[in-house]
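Below: the structure, in structure tokens.
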Amino acid sequence: MTSHQERLALPLDLDQDMVAELGRYAVDFLAERIGELESAPASDYRQAGHLAELLLGRPPGAEPGDFHELLETFRQAAGQGVNTAGPGYLAYFPAGGLVSSVLAEMLAQAANRFTGVAQTAPALVAMEQSVLTWLCDMFGLPAGAGGVVTTGASLATLSAVVAARHDRLGDDARDGTLYVTEHTHLSVAKAARIAGLPADRVRLVPATAELRMDVGAAAELIAADRAAGLRPFLLAGTAGTTSTGTVDPLPELARLARAEGLWFHVDAAYGGGFRLTGRGRARLAGIEEADSVAFDPHKSLFMPYGTGVLLVRDPAVLHAAHAADGQYLQDLDRLGDLPDFGNLGVELTREFRGLRLWLPLHLHGVRAFAEALEEKLDLAAFVHRELSQDARVELPWEPDLSVVVFRLRGADEANRDLLARINATQRIYLSSTAIDGRFYLRLCVLSVRTRAEHVYQALRTIQDCLNNEISSQM
Ligand SMILES: *Cc1c(COP(=O)(O)O)cnc(C)c1O
């Protein structure tokens, strides 16, 4: 270790040799970390408090630091908490983060071209647009559909709600109402709030016993609101709810929305990628009727966090809701048919997010993604079958996609305890949810790294903890 005094200050603008040297070290570091994911604990908090305190009290110094030491600090910090990139992560929507996408991201950042408008990087914008067009085709949206790559479905949903509001309500949105269920993701209500709609304009449509939006009840609510002088404008269906992965009846919702002149938004943040599989294609039927689709490649396309998309039937509507003029942009002419992404979403300056999608899709080929997702569906079905054999456990809902919810027959307290025991093994990490006021454990198979052997291991861990749980109660 060198001291401050001896340490050579690196110039801000690293030259080619330095980039090669530091880059090699960083890529080796990355490879090592990926290699360690298999054996790393599913969660680890042992150093978390200590490290957090240390790091909070450590602003950057005036003098140069040491690259290796700094990466070592990062390594320790990244090791604390929940190992969302590991194969045992079966909780929220795991992705793992495809390493080809990580490398793409590094290269995209190195190019650092401006993709807020087409004129400054037309070919890169074309790359990104080609992925968006491919996604529109995947969902069955008509020719001419388009969209924008965002940081996630929350931002995509915000732009969808803003577009719907602008298109269906104009400038005065106070009387506008939108329709969700209690199983709809919070990002829809959040988007409505940010878009200026009062909280009571978000209508909760009852769900069926299967946890799907009740289409008849939605129709009644819309009619009642209209009779009361309100202006229903958006119906939000979900293709894979967060709690249970349940798909709403999209064809019926599409018909209702069309008949009532409502914007039909489909939240496919989690479920979207399964459209590449035979089963998913069938379950997501009706999504092709959507006016907008929010989808998270950082969920069911295994991309790293920070990769979402908004797709819209008519990009002109998205443009009308978001575009604004600034004199400082007067040099930038529209360029042919290429979109100016800065006019289709919240951001103007944006990183080039296209490569993190484009490179893995072209490199691995689409079939590799389809097969990996088929495997996740198989594994979730397997977990459901296996747990169903156990008379101590109840599983009221068959998985539509890759989420399995279950509970020990008995009190919520025992189930909370069971979850704590399972996660304390540090072999896997599950989450929980509440449905109809009852506590459920939730297991989601979605990480690119979660293979059959990990799922067998997960089931053994759950069985062990179940046995302990039962004996501790006797
Ligand atoms: C994850 C999720 C969201 C929010 O997406 P972010 O990428 O976290 O912003 C929205 N809807 C559903 C169904 C989700 O699962």
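Just so we're on the same page: first chain in the structure tokens is A, next is B, and so on; residues restart at 1 for each chain, and ligands are numbered from 1 in the order they show up.
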- Message: List the spatial neighbours of A:Val148 as a list in words - criterion: any atom at most 8 Å away, only C-alpha atoms, same-chain residues fewer than 5 positions off excluded.
- Response: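 My reading of the contact set: Leu132, Val309, Leu310, Leu311, Phe341, Leu344 and Gly345 of chain A.
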Restricting it to C-alpha atoms, dump the selection as an mmCIF file, in the first residue's frame.
```
data_model
loop_
_atom_site.group_PDB
_atom_site.id
_atom_site.type_symbol
_atom_site.label_atom_id
_atom_site.label_comp_id
_atom_site.auth_asym_id
_atom_site.auth_seq_id
_atom_site.Cartn_x
_atom_site.Cartn_y
_atom_site.Cartn_z
ATOM 1 C CA LEU A 132 -38.003 -0.809 -29.507
ATOM 2 C CA VAL A 309 -39.311 0.629 -21.694
ATOM 3 C CA LEU A 310 -42.517 2.382 -22.590
ATOM 4 C CA LEU A 311 -44.146 1.259 -25.822
ATOM 5 C CA PHE A 341 -36.149 10.370 -27.590
ATOM 6 C CA LEU A 344 -40.948 11.134 -26.003
ATOM 7 C CA GLY A 345 -40.226 10.998 -22.302
#
```
- Task: Find the spatial neighbours of A:Arg168, counting only C-alpha atoms, within a cut-off of 10 Å - ignore same-chain residues fewer than 6 positions away - and output them as a list of chain:residue names.
- Result: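 The residues that qualify are A:Val162, A:Gly176, A:Arg231, A:Pro232, A:Phe233, A:Leu234, A:Gly261, A:Leu262, A:Trp263.
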DSSP strand (DSSP E) residues within stretch 71-193 of chain A, listed as an mmCIF file with all heavy atoms, in the first residue's frame:
```cif
data_model
loop_
_atom_site.group_PDB
_atom_site.id
_atom_site.type_symbol
_atom_site.label_atom_id
_atom_site.label_comp_id
_atom_site.auth_asym_id
_atom_site.auth_seq_id
_atom_site.Cartn_x
_atom_site.Cartn_y
_atom_site.Cartn_z
ATOM 1 N N GLY A 81 -26.075 -6.837 2.384
ATOM 2 C CA GLY A 81 -27.473 -6.707 2.004
ATOM 3 C C GLY A 81 -27.934 -7.954 1.264
ATOM 4 O O GLY A 81 -27.422 -9.045 1.488
ATOM 5 N N VAL A 82 -28.894 -7.779 0.383
ATOM 6 C CA VAL A 82 -29.462 -8.917 -0.335
ATOM 7 C C VAL A 82 -28.717 -9.104 -1.650
ATOM 8 O O VAL A 82 -28.534 -8.147 -2.405
ATOM 9 C CB VAL A 82 -30.961 -8.686 -0.604
ATOM 10 C CG1 VAL A 82 -31.550 -9.872 -1.344
ATOM 11 C CG2 VAL A 82 -31.709 -8.450 0.706
ATOM 12 N N GLY A 146 -44.138 2.714 -31.265
ATOM 13 C CA GLY A 146 -42.772 3.061 -30.873
ATOM 14 C C GLY A 146 -42.712 3.281 -29.387
ATOM 15 O O GLY A 146 -43.599 2.836 -28.651
ATOM 16 N N GLY A 147 -41.677 3.997 -28.949
ATOM 17 C CA GLY A 147 -41.584 4.225 -27.516
ATOM 18 C C GLY A 147 -40.244 4.777 -27.124
ATOM 19 O O GLY A 147 -39.552 5.401 -27.927
ATOM 20 N N VAL A 148 -39.876 4.496 -25.898
ATOM 21 C CA VAL A 148 -38.653 5.078 -25.359
ATOM 22 C C VAL A 148 -38.109 4.144 -24.275
ATOM 23 O O VAL A 148 -38.873 3.479 -23.570
ATOM 24 C CB VAL A 148 -38.956 6.508 -24.820
ATOM 25 C CG1 VAL A 148 -39.954 6.493 -23.683
ATOM 26 C CG2 VAL A 148 -37.700 7.248 -24.421
ATOM 27 N N VAL A 149 -36.787 4.062 -24.214
ATOM 28 C CA VAL A 149 -36.152 3.250 -23.170
ATOM 29 C C VAL A 149 -35.959 4.142 -21.951
ATOM 30 O O VAL A 149 -35.405 5.238 -22.059
ATOM 31 C CB VAL A 149 -34.797 2.673 -23.636
ATOM 32 C CG1 VAL A 149 -34.208 1.764 -22.559
ATOM 33 C CG2 VAL A 149 -34.945 1.894 -24.944
ATOM 34 N N THR A 150 -36.456 3.683 -20.814
ATOM 35 C CA THR A 150 -36.390 4.467 -19.579
ATOM 36 C C THR A 150 -35.525 3.733 -18.554
ATOM 37 O O THR A 150 -34.932 2.705 -18.860
ATOM 38 C CB THR A 150 -37.795 4.647 -18.975
ATOM 39 O OG1 THR A 150 -38.274 3.365 -18.562
ATOM 40 C CG2 THR A 150 -38.773 5.232 -19.982
ATOM 41 N N GLY A 176 -60.756 13.676 -14.220
ATOM 42 C CA GLY A 176 -60.390 12.410 -14.866
ATOM 43 C C GLY A 176 -60.285 11.282 -13.851
ATOM 44 O O GLY A 176 -59.820 11.483 -12.729
ATOM 45 N N THR A 177 -60.741 10.095 -14.223
ATOM 46 C CA THR A 177 -60.628 8.940 -13.330
ATOM 47 C C THR A 177 -59.923 7.805 -14.063
ATOM 48 O O THR A 177 -60.087 7.622 -15.272
ATOM 49 C CB THR A 177 -62.016 8.435 -12.880
ATOM 50 O OG1 THR A 177 -62.844 8.292 -14.028
ATOM 51 C CG2 THR A 177 -62.654 9.376 -11.887
ATOM 52 N N LEU A 178 -59.132 7.042 -13.303
ATOM 53 C CA LEU A 178 -58.466 5.877 -13.895
ATOM 54 C C LEU A 178 -58.733 4.658 -13.027
ATOM 55 O O LEU A 178 -59.078 4.787 -11.847
ATOM 56 C CB LEU A 178 -56.974 6.125 -14.086
ATOM 57 C CG LEU A 178 -56.104 6.382 -12.874
ATOM 58 C CD1 LEU A 178 -54.708 5.848 -13.141
ATOM 59 C CD2 LEU A 178 -56.011 7.870 -12.598
ATOM 60 N N TYR A 179 -58.573 3.492 -13.608
ATOM 61 C CA TYR A 179 -59.073 2.258 -13.004
ATOM 62 C C TYR A 179 -57.967 1.222 -12.842
ATOM 63 O O TYR A 179 -57.283 0.882 -13.810
ATOM 64 C CB TYR A 179 -60.238 1.721 -13.870
ATOM 65 C CG TYR A 179 -61.325 2.758 -13.925
ATOM 66 C CD1 TYR A 179 -61.248 3.812 -14.839
ATOM 67 C CD2 TYR A 179 -62.360 2.761 -13.003
ATOM 68 C CE1 TYR A 179 -62.185 4.831 -14.843
ATOM 69 C CE2 TYR A 179 -63.305 3.777 -12.995
ATOM 70 C CZ TYR A 179 -63.215 4.807 -13.911
ATOM 71 O OH TYR A 179 -64.134 5.820 -13.891
ATOM 72 N N VAL A 180 -57.826 0.767 -11.606
ATOM 73 C CA VAL A 180 -56.813 -0.230 -11.249
ATOM 74 C C VAL A 180 -57.472 -1.231 -10.289
ATOM 75 O O VAL A 180 -58.646 -1.072 -9.957
ATOM 76 C CB VAL A 180 -55.595 0.433 -10.554
ATOM 77 C CG1 VAL A 180 -54.950 1.492 -11.439
ATOM 78 C CG2 VAL A 180 -55.993 1.062 -9.215
#
```
- Just the residues within 12 Å of A:Pro251, please, counting only C-alpha atoms, with nothing from its chain fewer than 4 positions along; format it as a list in words. Met213, Val215, Gly237, Thr238, Ala239, Val247, Arg255, Leu256, Ala257, Arg258, Phe264, Val266, Ala282, Arg283, Leu284, Ala285, Gly286, Ile287, Glu288, Glu289 and Ala290 of chain A
Mind dumping the selected residues with N, CA, C and O atoms as a short mmCIF file (atom, residue, chain, number, x, y, z; two decimals), in the first residue's frame?
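Once written, again23.cif looks like this:
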```cif
data_model
loop_
_atom_site.label_atom_id
_atom_site.label_comp_id
_atom_site.auth_asym_id
_atom_site.auth_seq_id
_atom_site.Cartn_x
_atom_site.Cartn_y
_atom_site.Cartn_z
N MET A 213 -58.66 -8.49 -12.38
CA MET A 213 -59.64 -7.41 -12.41
C MET A 213 -61.00 -7.96 -12.86
O MET A 213 -61.08 -8.69 -13.84
N VAL A 215 -64.06 -7.57 -14.75
CA VAL A 215 -64.37 -6.69 -15.88
C VAL A 215 -65.77 -6.08 -15.75
O VAL A 215 -65.97 -4.90 -16.03
N GLY A 237 -54.58 -2.51 -17.04
CA GLY A 237 -54.51 -3.95 -16.80
C GLY A 237 -53.08 -4.33 -16.47
O GLY A 237 -52.15 -3.62 -16.84
N THR A 238 -52.93 -5.44 -15.77
CA THR A 238 -51.57 -5.88 -15.42
C THR A 238 -51.30 -7.25 -16.04
O THR A 238 -52.11 -8.17 -15.91
N ALA A 239 -50.16 -7.36 -16.70
CA ALA A 239 -49.72 -8.64 -17.26
C ALA A 239 -48.65 -9.20 -16.34
O ALA A 239 -47.45 -9.10 -16.62
N VAL A 247 -52.14 -12.52 -14.39
CA VAL A 247 -52.43 -11.72 -15.58
C VAL A 247 -53.92 -11.38 -15.59
O VAL A 247 -54.77 -12.26 -15.49
N ARG A 255 -61.46 -4.63 -24.78
CA ARG A 255 -62.78 -4.36 -25.37
C ARG A 255 -63.53 -3.28 -24.59
O ARG A 255 -64.10 -2.36 -25.17
N LEU A 256 -63.48 -3.41 -23.26
CA LEU A 256 -64.16 -2.42 -22.42
C LEU A 256 -63.57 -1.03 -22.64
O LEU A 256 -64.30 -0.04 -22.81
N ALA A 257 -62.25 -0.95 -22.63
CA ALA A 257 -61.59 0.35 -22.81
C ALA A 257 -61.97 0.95 -24.16
O ALA A 257 -62.31 2.14 -24.24
N ARG A 258 -61.93 0.12 -25.20
CA ARG A 258 -62.27 0.61 -26.53
C ARG A 258 -63.72 1.13 -26.55
O ARG A 258 -63.99 2.22 -27.03
N PHE A 264 -56.06 2.32 -22.91
CA PHE A 264 -55.80 1.01 -22.32
C PHE A 264 -54.30 0.85 -22.09
O PHE A 264 -53.52 0.72 -23.03
N VAL A 266 -51.25 -1.35 -20.36
CA VAL A 266 -50.94 -2.66 -19.79
C VAL A 266 -49.59 -2.58 -19.08
O VAL A 266 -48.58 -2.21 -19.68
N ALA A 282 -49.61 -16.99 -24.96
CA ALA A 282 -51.05 -17.26 -24.80
C ALA A 282 -51.60 -16.46 -23.62
O ALA A 282 -52.68 -15.87 -23.71
N ARG A 283 -50.87 -16.43 -22.51
CA ARG A 283 -51.40 -15.75 -21.32
C ARG A 283 -51.45 -14.24 -21.47
O ARG A 283 -52.26 -13.58 -20.83
N LEU A 284 -50.58 -13.71 -22.30
CA LEU A 284 -50.56 -12.25 -22.50
C LEU A 284 -51.38 -11.82 -23.71
O LEU A 284 -51.30 -10.68 -24.16
N ALA A 285 -52.18 -12.74 -24.26
CA ALA A 285 -53.04 -12.37 -25.39
C ALA A 285 -53.89 -11.18 -24.99
O ALA A 285 -54.36 -11.10 -23.85
N GLY A 286 -54.06 -10.26 -25.92
CA GLY A 286 -54.83 -9.04 -25.64
C GLY A 286 -53.93 -7.84 -25.46
O GLY A 286 -54.36 -6.70 -25.62
N ILE A 287 -52.66 -8.10 -25.16
CA ILE A 287 -51.73 -6.98 -24.95
C ILE A 287 -51.53 -6.20 -26.24
O ILE A 287 -51.22 -5.00 -26.21
N GLU A 288 -51.77 -6.88 -27.37
CA GLU A 288 -51.61 -6.20 -28.67
C GLU A 288 -52.64 -5.09 -28.86
O GLU A 288 -52.51 -4.27 -29.75
N GLU A 289 -53.68 -5.06 -28.01
CA GLU A 289 -54.70 -4.01 -28.10
C GLU A 289 -54.35 -2.78 -27.25
O GLU A 289 -55.10 -1.81 -27.22
N ALA A 290 -53.23 -2.84 -26.55
CA ALA A 290 -52.89 -1.77 -25.61
C ALA A 290 -52.57 -0.45 -26.33
O ALA A 290 -52.01 -0.46 -27.43
#
```
- Query: Can you tell me which residues sit at most 7 Å away from ligand 1, counting only C-alpha atoms and all ligand atoms, written as an NGL selection string?
  - Reply: :A and (93 or 151-155 or 184-185 or 187 or 238 or 240-242 or 267-270 or 296 or 308)
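By only C-alpha atoms, and with residues fewer than 3 positions from A:Ala78 along its chain excluded, the set lying at most 12 Å from it is A:Leu30, A:Arg33, A:Leu37, A:Ala40, A:Ser43, A:Asp44, A:Tyr45, A:Gln47, A:Ala48, A:Leu51, A:Ala52, A:Leu71, A:Glu72, A:Thr73, A:Phe74, A:Arg75, A:Gly81, A:Val82, A:Asn83, A:Thr84, A:Ala85.
For A:Arg313, the list of residues within 8 Å, based on only C-alpha atoms and with local chain neighbours fewer than 4 positions off taken out, reads A:Leu141, A:Pro142, A:Gly144, A:Ala145, A:Gly146, A:Ala290, A:Asp291, A:Ser292.
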- Within 12 Å of stretch 16-29 of chain A using only C-alpha atoms, minus same-chain residues under 6 positions, as a PyMOL selection string: chain A and resi 10+35-36+66-68+70-72+74-75+99+102-103+106-107+110
- Got a sec: who's within 12 Å of A:Ala111, counting only C-alpha atoms, leaving out chain neighbours fewer than 4 positions off, as a PyMOL selection string? chain A and resi 104-107+115+121+124+351-353+355
Could those selected residues go to a file with N, CA, C and O atoms, as a PDB file, in the first residue's frame?
```pdb
ATOM      1  N   ALA A 104     -21.785  -4.151 -22.368  1.00  0.00           N
ATOM      2  CA  ALA A 104     -22.366  -3.207 -23.333  1.00  0.00           C
ATOM      3  C   ALA A 104     -22.496  -1.829 -22.700  1.00  0.00           C
ATOM      4  O   ALA A 104     -22.197  -0.806 -23.323  1.00  0.00           O
ATOM      5  N   GLU A 105     -22.913  -1.821 -21.450  1.00  0.00           N
ATOM      6  CA  GLU A 105     -23.122  -0.557 -20.751  1.00  0.00           C
ATOM      7  C   GLU A 105     -21.808   0.206 -20.614  1.00  0.00           C
ATOM      8  O   GLU A 105     -21.752   1.420 -20.799  1.00  0.00           O
ATOM      9  N   MET A 106     -20.753  -0.543 -20.310  1.00  0.00           N
ATOM     10  CA  MET A 106     -19.440   0.106 -20.168  1.00  0.00           C
ATOM     11  C   MET A 106     -19.037   0.760 -21.499  1.00  0.00           C
ATOM     12  O   MET A 106     -18.571   1.894 -21.535  1.00  0.00           O
ATOM     13  N   LEU A 107     -19.265   0.026 -22.586  1.00  0.00           N
ATOM     14  CA  LEU A 107     -18.884   0.543 -23.903  1.00  0.00           C
ATOM     15  C   LEU A 107     -19.764   1.733 -24.295  1.00  0.00           C
ATOM     16  O   LEU A 107     -19.283   2.719 -24.862  1.00  0.00           O
ATOM     17  N   THR A 115     -27.948  10.887 -27.074  1.00  0.00           N
ATOM     18  CA  THR A 115     -29.052  10.235 -27.780  1.00  0.00           C
ATOM     19  C   THR A 115     -30.417  10.836 -27.425  1.00  0.00           C
ATOM     20  O   THR A 115     -31.448  10.221 -27.655  1.00  0.00           O
ATOM     21  N   ALA A 121     -26.537  11.528 -32.842  1.00  0.00           N
ATOM     22  CA  ALA A 121     -26.035  10.145 -32.891  1.00  0.00           C
ATOM     23  C   ALA A 121     -27.031   9.264 -33.653  1.00  0.00           C
ATOM     24  O   ALA A 121     -27.603   8.332 -33.099  1.00  0.00           O
ATOM     25  N   LEU A 124     -26.711   5.367 -33.561  1.00  0.00           N
ATOM     26  CA  LEU A 124     -26.977   4.795 -32.236  1.00  0.00           C
ATOM     27  C   LEU A 124     -28.476   4.863 -31.923  1.00  0.00           C
ATOM     28  O   LEU A 124     -29.048   3.915 -31.366  1.00  0.00           O
ATOM     29  N   GLU A 351     -28.427   8.734 -21.005  1.00  0.00           N
ATOM     30  CA  GLU A 351     -27.372   7.841 -21.445  1.00  0.00           C
ATOM     31  C   GLU A 351     -27.906   7.027 -22.620  1.00  0.00           C
ATOM     32  O   GLU A 351     -29.113   6.883 -22.774  1.00  0.00           O
ATOM     33  N   PHE A 352     -27.006   6.490 -23.411  1.00  0.00           N
ATOM     34  CA  PHE A 352     -27.409   5.636 -24.527  1.00  0.00           C
ATOM     35  C   PHE A 352     -27.748   4.253 -23.967  1.00  0.00           C
ATOM     36  O   PHE A 352     -26.871   3.454 -23.698  1.00  0.00           O
ATOM     37  N   ARG A 353     -29.062   4.058 -23.750  1.00  0.00           N
ATOM     38  CA  ARG A 353     -29.469   2.795 -23.124  1.00  0.00           C
ATOM     39  C   ARG A 353     -29.671   1.679 -24.137  1.00  0.00           C
ATOM     40  O   ARG A 353     -29.975   0.558 -23.775  1.00  0.00           O
ATOM     41  N   LEU A 355     -27.588   0.081 -26.194  1.00  0.00           N
ATOM     42  CA  LEU A 355     -26.597  -0.994 -26.363  1.00  0.00           C
ATOM     43  C   LEU A 355     -26.764  -2.100 -25.332  1.00  0.00           C
ATOM     44  O   LEU A 355     -26.522  -3.263 -25.622  1.00  0.00           O
TER      45      LEU A 355
END
```
- Message: From the options A:Leu235, A:Arg279, A:Asp171, A:Ala126, which residue's atoms come nearest to A:Asp340, counting only C-alpha atoms?
- Response: A:Ala126
- Find, counting only C-alpha atoms, the residue in A:Ala381, A:Ala163, A:Leu359, A:Ala108 that gets nearest to A:His322.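 Answer, going by the shortest atom-to-atom distance: A:Ala163.
Ranking A:Ile34, A:Leu419, A:Ala42, A:Ile435 by their shortest atom-to-atom distance to A:Gln463, with only C-alpha atoms included, puts A:Leu419 first.
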- Task: Tell me which of A:Glu347, A:His298, A:Gly354, A:Gly271 sits closest to A:Gly116, counting only C-alpha atoms.
- Result: A:Glu347
- To one decimal in Å, tell me the separation between atom CA of A:Cys444 and atom CA of A:Arg409. 20.5 Å
- Quick one: distance from atom CA of A:Leu363 to atom CA of A:Cys136 in Å, one decimal? 20.1 Å
- Output as an NGL selection string all residues of stretch 271-430 of chain A that backbone DSSP marks as alpha helix (DSSP H). :A and (278-283 or 297-300 or 315-322 or 354-364 or 366-388 or 412-424)
Selected residues, C-alpha atoms, written as a PDB file, in the first residue's frame, please.
```pdb
ATOM      1  CA  GLY A 278     -45.436 -20.254 -25.948  1.00  0.00           C
ATOM      2  CA  ARG A 279     -47.231 -20.194 -22.595  1.00  0.00           C
ATOM      3  CA  GLY A 280     -46.539 -16.530 -21.999  1.00  0.00           C
ATOM      4  CA  ARG A 281     -47.703 -15.609 -25.482  1.00  0.00           C
ATOM      5  CA  ALA A 282     -51.046 -17.257 -24.797  1.00  0.00           C
ATOM      6  CA  ARG A 283     -51.398 -15.754 -21.319  1.00  0.00           C
ATOM      7  CA  PRO A 297     -36.157  -5.693 -19.469  1.00  0.00           C
ATOM      8  CA  HIS A 298     -34.439  -5.566 -16.065  1.00  0.00           C
ATOM      9  CA  LYS A 299     -36.996  -8.141 -14.965  1.00  0.00           C
ATOM     10  CA  SER A 300     -37.953 -10.692 -17.604  1.00  0.00           C
ATOM     11  CA  PRO A 315     -45.842   7.720 -30.748  1.00  0.00           C
ATOM     12  CA  ALA A 316     -47.365  10.994 -31.954  1.00  0.00           C
ATOM     13  CA  VAL A 317     -49.482  11.031 -28.788  1.00  0.00           C
ATOM     14  CA  LEU A 318     -46.427  10.476 -26.623  1.00  0.00           C
ATOM     15  CA  HIS A 319     -44.669  13.260 -28.503  1.00  0.00           C
ATOM     16  CA  ALA A 320     -47.597  15.660 -28.113  1.00  0.00           C
ATOM     17  CA  ALA A 321     -47.650  15.055 -24.360  1.00  0.00           C
ATOM     18  CA  HIS A 322     -43.900  15.498 -23.813  1.00  0.00           C
ATOM     19  CA  GLY A 354     -29.824   1.011 -26.439  1.00  0.00           C
ATOM     20  CA  LEU A 355     -26.597  -0.994 -26.363  1.00  0.00           C
ATOM     21  CA  ARG A 356     -27.351  -2.758 -23.092  1.00  0.00           C
ATOM     22  CA  LEU A 357     -30.365  -4.284 -24.882  1.00  0.00           C
ATOM     23  CA  TRP A 358     -29.089  -4.489 -28.436  1.00  0.00           C
ATOM     24  CA  LEU A 359     -25.803  -6.268 -27.725  1.00  0.00           C
ATOM     25  CA  PRO A 360     -27.158  -9.158 -25.597  1.00  0.00           C
ATOM     26  CA  LEU A 361     -30.124  -9.716 -27.923  1.00  0.00           C
ATOM     27  CA  HIS A 362     -27.884  -9.914 -30.983  1.00  0.00           C
ATOM     28  CA  LEU A 363     -25.058 -11.726 -29.226  1.00  0.00           C
ATOM     29  CA  HIS A 364     -27.034 -14.516 -27.568  1.00  0.00           C
ATOM     30  CA  VAL A 366     -33.575 -14.296 -29.104  1.00  0.00           C
ATOM     31  CA  ARG A 367     -34.005 -18.069 -28.780  1.00  0.00           C
ATOM     32  CA  ALA A 368     -31.617 -18.124 -25.813  1.00  0.00           C
ATOM     33  CA  PHE A 369     -33.900 -15.682 -23.983  1.00  0.00           C
ATOM     34  CA  ALA A 370     -37.025 -17.638 -24.906  1.00  0.00           C
ATOM     35  CA  GLU A 371     -35.491 -20.900 -23.663  1.00  0.00           C
ATOM     36  CA  ALA A 372     -34.292 -19.355 -20.412  1.00  0.00           C
ATOM     37  CA  LEU A 373     -37.787 -17.985 -19.772  1.00  0.00           C
ATOM     38  CA  GLU A 374     -39.415 -21.335 -20.606  1.00  0.00           C
ATOM     39  CA  GLU A 375     -37.101 -22.826 -17.982  1.00  0.00           C
ATOM     40  CA  LYS A 376     -38.238 -20.273 -15.370  1.00  0.00           C
ATOM     41  CA  LEU A 377     -41.889 -21.120 -16.080  1.00  0.00           C
ATOM     42  CA  ASP A 378     -41.096 -24.837 -15.731  1.00  0.00           C
ATOM     43  CA  LEU A 379     -39.237 -24.300 -12.478  1.00  0.00           C
ATOM     44  CA  ALA A 380     -42.018 -22.207 -10.953  1.00  0.00           C
ATOM     45  CA  ALA A 381     -44.577 -24.858 -11.962  1.00  0.00           C
ATOM     46  CA  PHE A 382     -42.301 -27.461 -10.378  1.00  0.00           C
ATOM     47  CA  VAL A 383     -42.100 -25.503  -7.097  1.00  0.00           C
ATOM     48  CA  HIS A 384     -45.882 -25.198  -7.091  1.00  0.00           C
ATOM     49  CA  ARG A 385     -46.332 -28.962  -7.675  1.00  0.00           C
ATOM     50  CA  GLU A 386     -43.796 -29.938  -5.025  1.00  0.00           C
ATOM     51  CA  LEU A 387     -45.160 -27.624  -2.338  1.00  0.00           C
ATOM     52  CA  SER A 388     -48.695 -28.783  -3.171  1.00  0.00           C
ATOM     53  CA  ASP A 412     -49.662 -15.299  10.111  1.00  0.00           C
ATOM     54  CA  GLU A 413     -47.159 -15.247  12.945  1.00  0.00           C
ATOM     55  CA  ALA A 414     -45.947 -18.779  12.130  1.00  0.00           C
ATOM     56  CA  ASN A 415     -45.576 -17.765   8.493  1.00  0.00           C
ATOM     57  CA  ARG A 416     -43.574 -14.663   9.384  1.00  0.00           C
ATOM     58  CA  ASP A 417     -41.398 -16.881  11.455  1.00  0.00           C
ATOM     59  CA  LEU A 418     -41.012 -19.383   8.638  1.00  0.00           C
ATOM     60  CA  LEU A 419     -39.886 -16.651   6.235  1.00  0.00           C
ATOM     61  CA  ALA A 420     -37.366 -15.363   8.773  1.00  0.00           C
ATOM     62  CA  ARG A 421     -35.961 -18.881   9.231  1.00  0.00           C
ATOM     63  CA  ILE A 422     -35.695 -19.470   5.500  1.00  0.00           C
ATOM     64  CA  ASN A 423     -33.877 -16.192   4.899  1.00  0.00           C
ATOM     65  CA  ALA A 424     -31.652 -16.736   7.930  1.00  0.00           C
TER      66      ALA A 424
END
```
- Message: Nearest residue to A:Asp137 out of A:Thr307, A:Phe439, A:Gly342, A:Leu276, using only C-alpha atoms?
- Response: A:Leu276
